[in-house]
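Accompanying notes for the structure given below.
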Amino acid sequence: MSSYDYDLFVIGGGSGGVRGARVAASLGKKVAIAEEYRYGGTCVIRGCVPKKLFVYASQFHEHFEDAAGFGWTVGDSSFDWKKLVAAKDAEIARLEGLYKKGLAGANAEILETRAELVDAHTVRLVKTGQTVTAKTIMIATGGRPNPHAALPGHEFCISSNEAFHLEELPKSIVIAGGGYIAVEFANIFHGLGVETTLIYRGAEILSRFDEDLRRGLHEAMVAKGIRILCHDTLQKVSKGEGGLVLEALNSGTLQADVVMLALGRDPNTEGLGLDAAGVAVDERGAIIVDDYSRTNVENIYALGDVTNRVQLTPVAIHEAMCFIETEYKNNPTRPDYELIPTAVFSQPEIGTVGLSEEEAGKRYGELEVYRAQFRPLKATLSGRAERMIMKLIVDAASRKVVGAHILGHDAGEMAQLLGVTLKAGCTKDDFDQTMALHPTAAEELVTMYAPTYRVRDGQRI
Ligand code: NDP
């Protein structure tokens, strides 16, 4: 009989924490999980899921316009922001219920309180002040938007958290940042009819993606009417008579109803009692873990965004499953970060897996690059001026496909399946031997027979 109250205590009810708690409990372990806000965490409550619902909402005006080319006459349409927010909230509440039901069904104890470490085996439940002990502790407290406190007037700005609950849809918005969140929300707000400006410090948005897609998406967004200011940063935000007044380094004075900062996310470790338990963090406050998600304290693990490895929901879930193997199945398992498929739910969408041309050029002596840019079939009748880009990066020596990049409709769906092929180590010959599925956009991926160009020692030849 263990001398602890629990075998496992999980702090944080997001994707990683809930998975770890639920599976450990289903293995017969005595488990408690504590969450201070809402079960489901960032992904379900104010991240991936509500964002995707907003993306769908923002696409309808283009669907209505496109319909005309197919013979439809669509009557007057209007959009009700409050209705969308309410419908989204109802769906999120349903999902939150499912998360709790899964935990309860596995016999995990669900605690609705903030929890802080007292020492390596003791946790204080802030709501009641009660302390409990656990043999193993898992920290999965996630992250929060970087408030950019150095910016004068940052307190007048919102983050993605508030964007999900704005009282009114603004007439205009300025979004600072050039990453996933900034780009996705710029497209959402623009699609809902908001005058949208994106302001980004670098030369081109989405710095970690393939250059072709970055440029392609930038052009498509500008063509839709989104203003993108690169090489620029916000210097100051203040309240003016008709809204917010912004000073930008290069673009001068701007005005907007709402300013949203999407400048990365910080790990949620403040006040967590990490010092008391002796858990080490890095200079950004992220918990330092080894290859198995174990902290420097033997019985304390950390996973998901709080460790600032790869800030993606499926990665946190994968880390939780590896924790279960390591801790409870006597099968030490390291999370595998190779070839993670990812999507940016912009409009058009980006779907990608593996290395960008630039990264691959540094790693391999010679590359074959297969690239297609074309007008999708639907656009021929809708009249929409849009182009899809598809790109395969192939290591010339081994013929292995080391990167696949798509810009266009359903790029995320395609990237998920391309992830299987790259993970399986498929070569370009495997792609060539695969029968095309006609008429689809994806068939282009198996019909690009000759390289568009080659890259040797990082240089295009
Ligand atoms: P990102 O890391 O994607 O982007 C942060 C952006 O802020 C970058 O453009 C960065 O510029 C810029 N930036 C950072 N600091 C400053 C600064 N001091 N001044 C000016 N600009 C700055 O973070 P997000 O906040 O967009 O998203 C957080 C994480 O959430 C992502 O990393 C992603 O993993 C995850 N996410 C995933 C989604 C998906 O899978 N579809 C959707 C949304 C979020 P630079 O590039 O020059 O460094």
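Naming scheme: A, B, ... for chains in displayed order of the structure tokens; residues 1 onward per chain; ligands 1 onward as shown.
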
Determine which residues of stretch 15-207 of chain A receive a DSSP assignment of strand (DSSP E or B), computed from the backbone, and state them as a PyMOL selection string. chain A and resi 31-34+109-111+115-119+122-125+131-139+143-145+158+172-176+195-199

Put those residues in a file: N, CA, C and O atoms, as a short mmCIF file (atom, residue, chain, number, x, y, z; two decimals), in the first residue's frame.
data_model
loop_
_atom_site.label_atom_id
_atom_site.label_comp_id
_atom_site.auth_asym_id
_atom_site.auth_seq_id
_atom_site.Cartn_x
_atom_site.Cartn_y
_atom_site.Cartn_z
N VAL A 31 -5.57 8.33 -9.45
CA VAL A 31 -5.18 9.57 -10.12
C VAL A 31 -6.09 10.72 -9.74
O VAL A 31 -7.31 10.56 -9.66
N ALA A 32 -5.50 11.91 -9.54
CA ALA A 32 -6.30 13.14 -9.43
C ALA A 32 -5.75 14.14 -10.44
O ALA A 32 -4.55 14.12 -10.76
N ILE A 33 -6.63 14.96 -10.96
CA ILE A 33 -6.21 16.01 -11.90
C ILE A 33 -6.85 17.32 -11.47
O ILE A 33 -8.04 17.35 -11.10
N ALA A 34 -6.06 18.39 -11.49
CA ALA A 34 -6.58 19.70 -11.07
C ALA A 34 -6.48 20.69 -12.23
O ALA A 34 -5.47 20.72 -12.94
N GLU A 109 -9.97 11.37 -10.33
CA GLU A 109 -10.67 12.36 -9.51
C GLU A 109 -10.48 13.73 -10.16
O GLU A 109 -9.35 14.17 -10.40
N ILE A 110 -11.60 14.42 -10.42
CA ILE A 110 -11.54 15.70 -11.13
C ILE A 110 -11.62 16.83 -10.12
O ILE A 110 -12.62 16.96 -9.40
N LEU A 111 -10.60 17.66 -10.07
CA LEU A 111 -10.58 18.78 -9.11
C LEU A 111 -10.64 20.09 -9.88
O LEU A 111 -9.88 20.29 -10.83
N ALA A 115 -3.70 24.26 -8.52
CA ALA A 115 -2.87 23.42 -7.65
C ALA A 115 -1.44 23.91 -7.75
O ALA A 115 -0.97 24.28 -8.84
N GLU A 116 -0.77 23.96 -6.60
CA GLU A 116 0.62 24.43 -6.58
C GLU A 116 1.48 23.44 -5.80
O GLU A 116 1.00 22.81 -4.84
N LEU A 117 2.74 23.33 -6.20
CA LEU A 117 3.62 22.38 -5.54
C LEU A 117 4.08 22.94 -4.19
O LEU A 117 4.40 24.13 -4.09
N VAL A 118 4.12 22.08 -3.20
CA VAL A 118 4.65 22.45 -1.88
C VAL A 118 6.05 21.84 -1.73
O VAL A 118 6.97 22.47 -1.23
N ASP A 119 6.17 20.60 -2.16
CA ASP A 119 7.49 19.96 -2.28
C ASP A 119 7.37 18.90 -3.38
O ASP A 119 6.35 18.85 -4.07
N THR A 122 4.20 16.86 -2.70
CA THR A 122 3.01 17.46 -2.07
C THR A 122 2.47 18.60 -2.93
O THR A 122 3.22 19.44 -3.42
N VAL A 123 1.15 18.62 -3.05
CA VAL A 123 0.46 19.64 -3.85
C VAL A 123 -0.58 20.32 -2.96
O VAL A 123 -1.28 19.65 -2.20
N ARG A 124 -0.65 21.63 -3.08
CA ARG A 124 -1.67 22.38 -2.33
C ARG A 124 -2.81 22.73 -3.28
O ARG A 124 -2.58 23.26 -4.38
N LEU A 125 -4.03 22.42 -2.86
CA LEU A 125 -5.22 22.76 -3.65
C LEU A 125 -5.65 24.16 -3.21
O LEU A 125 -6.09 24.34 -2.07
N THR A 131 -3.74 20.08 1.44
CA THR A 131 -2.58 19.52 0.74
C THR A 131 -2.78 18.02 0.55
O THR A 131 -3.36 17.34 1.41
N VAL A 132 -2.30 17.55 -0.58
CA VAL A 132 -2.38 16.11 -0.86
C VAL A 132 -1.01 15.66 -1.34
O VAL A 132 -0.20 16.49 -1.79
N THR A 133 -0.76 14.36 -1.29
CA THR A 133 0.54 13.85 -1.71
C THR A 133 0.38 12.89 -2.87
O THR A 133 -0.68 12.27 -3.05
N ALA A 134 1.42 12.78 -3.67
CA ALA A 134 1.38 11.86 -4.81
C ALA A 134 2.77 11.28 -5.05
O ALA A 134 3.78 11.96 -4.85
N LYS A 135 2.77 10.02 -5.48
CA LYS A 135 4.06 9.37 -5.79
C LYS A 135 4.69 10.05 -7.00
O LYS A 135 5.86 10.37 -7.01
N THR A 136 3.88 10.28 -8.01
CA THR A 136 4.35 10.91 -9.25
C THR A 136 3.50 12.15 -9.53
O THR A 136 2.29 12.13 -9.31
N ILE A 137 4.16 13.19 -10.02
CA ILE A 137 3.41 14.41 -10.37
C ILE A 137 3.70 14.74 -11.83
O ILE A 137 4.84 14.63 -12.31
N MET A 138 2.64 15.11 -12.54
CA MET A 138 2.81 15.54 -13.92
C MET A 138 2.36 17.00 -14.04
O MET A 138 1.23 17.34 -13.65
N ILE A 139 3.24 17.85 -14.56
CA ILE A 139 2.88 19.26 -14.75
C ILE A 139 2.55 19.45 -16.23
O ILE A 139 3.39 19.20 -17.10
N GLY A 143 0.51 27.09 -21.71
CA GLY A 143 1.12 28.40 -21.88
C GLY A 143 0.07 29.48 -21.97
O GLY A 143 -1.14 29.21 -21.89
N ARG A 144 0.52 30.72 -22.12
CA ARG A 144 -0.42 31.84 -22.25
C ARG A 144 0.20 32.86 -23.21
O ARG A 144 1.43 32.86 -23.41
N PRO A 145 -0.63 33.71 -23.80
CA PRO A 145 -0.07 34.66 -24.77
C PRO A 145 0.97 35.57 -24.12
O PRO A 145 0.78 36.03 -22.99
N ILE A 158 -5.59 43.24 -27.12
CA ILE A 158 -6.12 41.93 -26.75
C ILE A 158 -5.14 40.85 -27.23
O ILE A 158 -4.22 41.13 -28.00
N SER A 172 -12.34 47.57 -37.50
CA SER A 172 -10.96 47.45 -37.97
C SER A 172 -10.11 46.82 -36.88
O SER A 172 -10.37 46.99 -35.68
N ILE A 173 -9.07 46.11 -37.32
CA ILE A 173 -8.17 45.47 -36.36
C ILE A 173 -6.74 45.52 -36.89
O ILE A 173 -6.52 45.43 -38.11
N VAL A 174 -5.80 45.72 -35.99
CA VAL A 174 -4.38 45.56 -36.33
C VAL A 174 -3.88 44.37 -35.52
O VAL A 174 -4.10 44.31 -34.30
N ILE A 175 -3.24 43.43 -36.20
CA ILE A 175 -2.73 42.25 -35.52
C ILE A 175 -1.21 42.28 -35.62
O ILE A 175 -0.65 42.41 -36.72
N ALA A 176 -0.54 42.19 -34.46
CA ALA A 176 0.92 42.20 -34.47
C ALA A 176 1.44 40.78 -34.37
O ALA A 176 1.00 40.01 -33.51
N GLU A 195 -11.82 45.34 -41.42
CA GLU A 195 -10.66 45.91 -42.11
C GLU A 195 -9.41 45.49 -41.32
O GLU A 195 -9.25 45.85 -40.16
N THR A 196 -8.54 44.71 -41.97
CA THR A 196 -7.49 44.01 -41.22
C THR A 196 -6.10 44.39 -41.68
O THR A 196 -5.80 44.39 -42.88
N THR A 197 -5.24 44.68 -40.70
CA THR A 197 -3.83 44.97 -40.98
C THR A 197 -2.98 44.03 -40.13
O THR A 197 -3.23 43.85 -38.95
N LEU A 198 -1.96 43.46 -40.77
CA LEU A 198 -1.01 42.60 -40.05
C LEU A 198 0.32 43.33 -40.02
O LEU A 198 0.78 43.81 -41.06
N ILE A 199 0.93 43.37 -38.87
CA ILE A 199 2.21 44.06 -38.78
C ILE A 199 3.25 43.08 -38.24
O ILE A 199 3.06 42.48 -37.18
#

| task | Output the neighbourhood of ligand 1 as a PyMOL selection string, that is, all protein and nucleic acid residues with some atom at most 8 Å from the ligand, counting only C-alpha atoms and all ligand atoms. | result | chain A and resi 47-48+145-146+148+176-184+200-202+205-208+233-234+262-265+310-313+342-345

Expressed in Å, the length from atom CA of A:Tyr328 to atom CA of A:Arg22 is 12.9 Å

One residue among A:Val369, A:Ile45, A:Phe54, A:Asp212 is nearest to A:Leu192 when using only C-alpha atoms, and that residue is A:Phe54

Report task. Go through stretch 187-391 of chain A and collect every residue that DSSP, computed from the backbone, puts in helix (DSSP H, G or I); the answer should be as a VMD selection string. Result -> chain A and resid 187 to 191 211 to 224 274 to 277 304 to 307 313 to 328 357 to 363 377 to 382

Residues within 9 Å of A:Ser58, only C-alpha atoms, excluding chain neighbours under 2 positions, as an MDAnalysis selection string: chainID A and resid 53:56 60:62 187:193

May I have the selected residues written with N, CA, C and O atoms, as a short mmCIF file (atom, residue, chain, number, x, y, z; two decimals), in the first residue's frame?
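Written file, selection.cif:
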data_model
loop_
_atom_site.label_atom_id
_atom_site.label_comp_id
_atom_site.auth_asym_id
_atom_site.auth_seq_id
_atom_site.Cartn_x
_atom_site.Cartn_y
_atom_site.Cartn_z
N LEU A 53 -13.61 26.73 -35.88
CA LEU A 53 -15.02 27.08 -36.09
C LEU A 53 -15.12 28.49 -36.66
O LEU A 53 -15.91 28.76 -37.57
N PHE A 54 -14.29 29.40 -36.15
CA PHE A 54 -14.28 30.77 -36.68
C PHE A 54 -13.78 30.79 -38.13
O PHE A 54 -14.25 31.57 -38.96
N VAL A 55 -12.81 29.93 -38.43
CA VAL A 55 -12.31 29.86 -39.81
C VAL A 55 -13.47 29.49 -40.75
O VAL A 55 -13.70 30.13 -41.78
N TYR A 56 -14.23 28.45 -40.35
CA TYR A 56 -15.38 28.07 -41.20
C TYR A 56 -16.32 29.25 -41.38
O TYR A 56 -16.77 29.54 -42.49
N PHE A 60 -17.63 31.80 -45.43
CA PHE A 60 -18.91 31.76 -46.15
C PHE A 60 -19.09 32.87 -47.17
O PHE A 60 -19.68 32.66 -48.22
N HIS A 61 -18.54 34.05 -46.89
CA HIS A 61 -18.81 35.13 -47.86
C HIS A 61 -18.18 34.80 -49.21
O HIS A 61 -18.75 35.10 -50.25
N GLU A 62 -17.04 34.11 -49.18
CA GLU A 62 -16.44 33.71 -50.47
C GLU A 62 -17.28 32.60 -51.12
O GLU A 62 -17.44 32.56 -52.34
N ASN A 187 -6.87 36.32 -41.28
CA ASN A 187 -7.79 35.78 -42.29
C ASN A 187 -9.21 35.66 -41.74
O ASN A 187 -10.17 35.92 -42.45
N ILE A 188 -9.33 35.26 -40.49
CA ILE A 188 -10.67 35.14 -39.88
C ILE A 188 -11.35 36.51 -39.88
O ILE A 188 -12.46 36.67 -40.38
N PHE A 189 -10.68 37.50 -39.30
CA PHE A 189 -11.32 38.81 -39.17
C PHE A 189 -11.62 39.42 -40.54
O PHE A 189 -12.69 39.98 -40.75
N HIS A 190 -10.67 39.28 -41.46
CA HIS A 190 -10.93 39.81 -42.79
C HIS A 190 -12.15 39.13 -43.42
O HIS A 190 -13.02 39.79 -43.99
N GLY A 191 -12.22 37.81 -43.26
CA GLY A 191 -13.33 37.06 -43.84
C GLY A 191 -14.68 37.46 -43.25
O GLY A 191 -15.71 37.33 -43.89
N LEU A 192 -14.64 37.94 -42.01
CA LEU A 192 -15.90 38.36 -41.36
C LEU A 192 -16.21 39.83 -41.65
O LEU A 192 -17.14 40.39 -41.09
N GLY A 193 -15.39 40.45 -42.50
CA GLY A 193 -15.69 41.81 -42.94
C GLY A 193 -14.95 42.90 -42.18
O GLY A 193 -15.30 44.09 -42.31
#
